[in-house]
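Chemist: Take a look at the following structure, please.
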Amino acid sequence: MERRHVKLSYGDFSSVVLKEFGTRHLFNRQVNIVFPSSDVLEDALSQLETTYYKANFSLSEAHEYASEITPCADDGDSYRSFLAVPDTDDCDDTWCIDQRGVLTLCISKILYEKLGLIGENQPIKNRSEQYFIHIPPSWLAATVESAAIRDREVKGLRIWDDIRTQAGLGRWQVVYHAMGTAVTPTHEVLKVKPHIERFTDVYVPIPALAPCPAETFKDIELEDEAQEWQDKANELFEWVGLACLGAQRLKANDRVDPYVSVYDPPSPSRIGNTTQLCWKGLLHPTFIQSLDMTSQSISSLLSRSESNDQRFIALSRHGYPRSPVASISTKANHGAKKASFRHPQLDSEDTSCLILTATHSEQSNRFGQVMMGESKNTKHWDASWI
């Protein structure tokens, strides 16, 4: 089995773990939220919907549209612009446009030499050389590039368009966001509404989130405690994954042959009902953040009104595997700084999961606790993990 790389983080509702969860991940194709059944929480989350667009673009056209949209700061802290990614797998070479309008290409050595652009060579073990090229929109290029480089970029994009035409591939099928407004007259409007599932008589964990006893396992005195903390965290995230799949193994009356499958729920657990909401499509970072903020708010209200320490919310997001950019730092969000790139493949994994419990921490005297787990392939190189 291919090795996965996992990160675990812990904080409270005011921590950077939550603040950057939605805004840092750009290209999201699915979000699941699972929680012990609550009419109040279900009603609040089921109202959240979003829209994105689908259209056919040449790469030159997509870059021009991104350059024409004037960026704005909707909250004074982050840019919102043309966000686009190809919705096709007709070739290994790919690209994306992040919310600043910056175009990132991930192409083979052969195509790189044909385009004549300046990029970064990122050799990957057991794979051919890959080149990453960052092209800023025109409103930003004037401050970071010369006119000659700009002309070369425009020419290079047209060369790739011509190569695709000659190969019979034609224009790209693209899904995108554009300030809430479609930018082409022949676009398809795609509305995203949550799909709701309810499960009865399943094992439901009673999470007791707490900081890791040791920041690293090098502290011999705390090594056993830290390993136990990690094992319990992994059990919780495993339960969330099974819950998102609607797995039969979570049923209290499951009687599967132990030679076929063996699963033990996290301890402690109870038998109860759960609800899952799932959104699928190109989900903008601000929509992910709205799901996160709504979960925090409702969770806090329920905990205070019901005095129920067994209540939690798990939010899991999945990124587009064909995007050469998975995340962007807060600093890069403000200008031409390069985003973290990764090697895009159809079997790439880009998953993050939050578990929220609205309980009071005696140590920090703050309300709300959160644990985040991220899982990615180590085989498919991701610069944000180096």
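Order determines the names: the first chain of the structure tokens is A, the second B, and so forth; residues in each chain are numbered 1 upward, and ligands are numbered 1 upward as they are shown.
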Can you tell me, as a VMD selection string, what residues are no more than 9 Å from region 49-53 of chain A when counting only C-alpha atoms, ignoring any on the same chain fewer than 6 positions away?
Modeler: chain A and resid 174 to 178 180 to 182 187 to 194 279 281 to 284 287
Chemist: Counting only C-alpha atoms, what is within 6 Å of region 127-139 of chain A, bar same-chain residues fewer than 3 positions away, as a PyMOL selection string?
Modeler: chain A and resi 67+101-109+119-124
Chemist: In Å, with one decimal, what is the gap from CA of Ile271 (chain A) to CA of Ala252 (chain A)?
Modeler: 6.8 Å
Chemist: Quick one: everything within 6 Å of Pro285 (chain A), counting only C-alpha atoms, minus sequence neighbours fewer than 2 positions away in the same chain. Send it as JSON, numbers by chain.
Modeler: {"A": [22, 23, 26, 287, 288]}
Chemist: Which is closest to Ala326 (chain A) among A:Ile355, A:Ala141, A:Ile97, A:Val204, if we use only C-alpha atoms?
Modeler: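 Distance minimum relative to Ala326 (chain A) lands on A:Ile97.
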Chemist: One decimal, Å: what's the distance from CA of Leu346 (chain A) over to CA of Pro86 (chain A), could you say?
Modeler: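 According to the coordinates, CA of Leu346 (chain A) and CA of Pro86 (chain A) are separated by 12.4 Å.
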Chemist: With only C-alpha atoms as the atoms that count, which of A:Asp257, A:Glu225, A:Asp264, A:Asp347 lies nearest to Gly319 (chain A)?
Modeler: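 Distance minimum relative to Gly319 (chain A) lands on A:Asp347.
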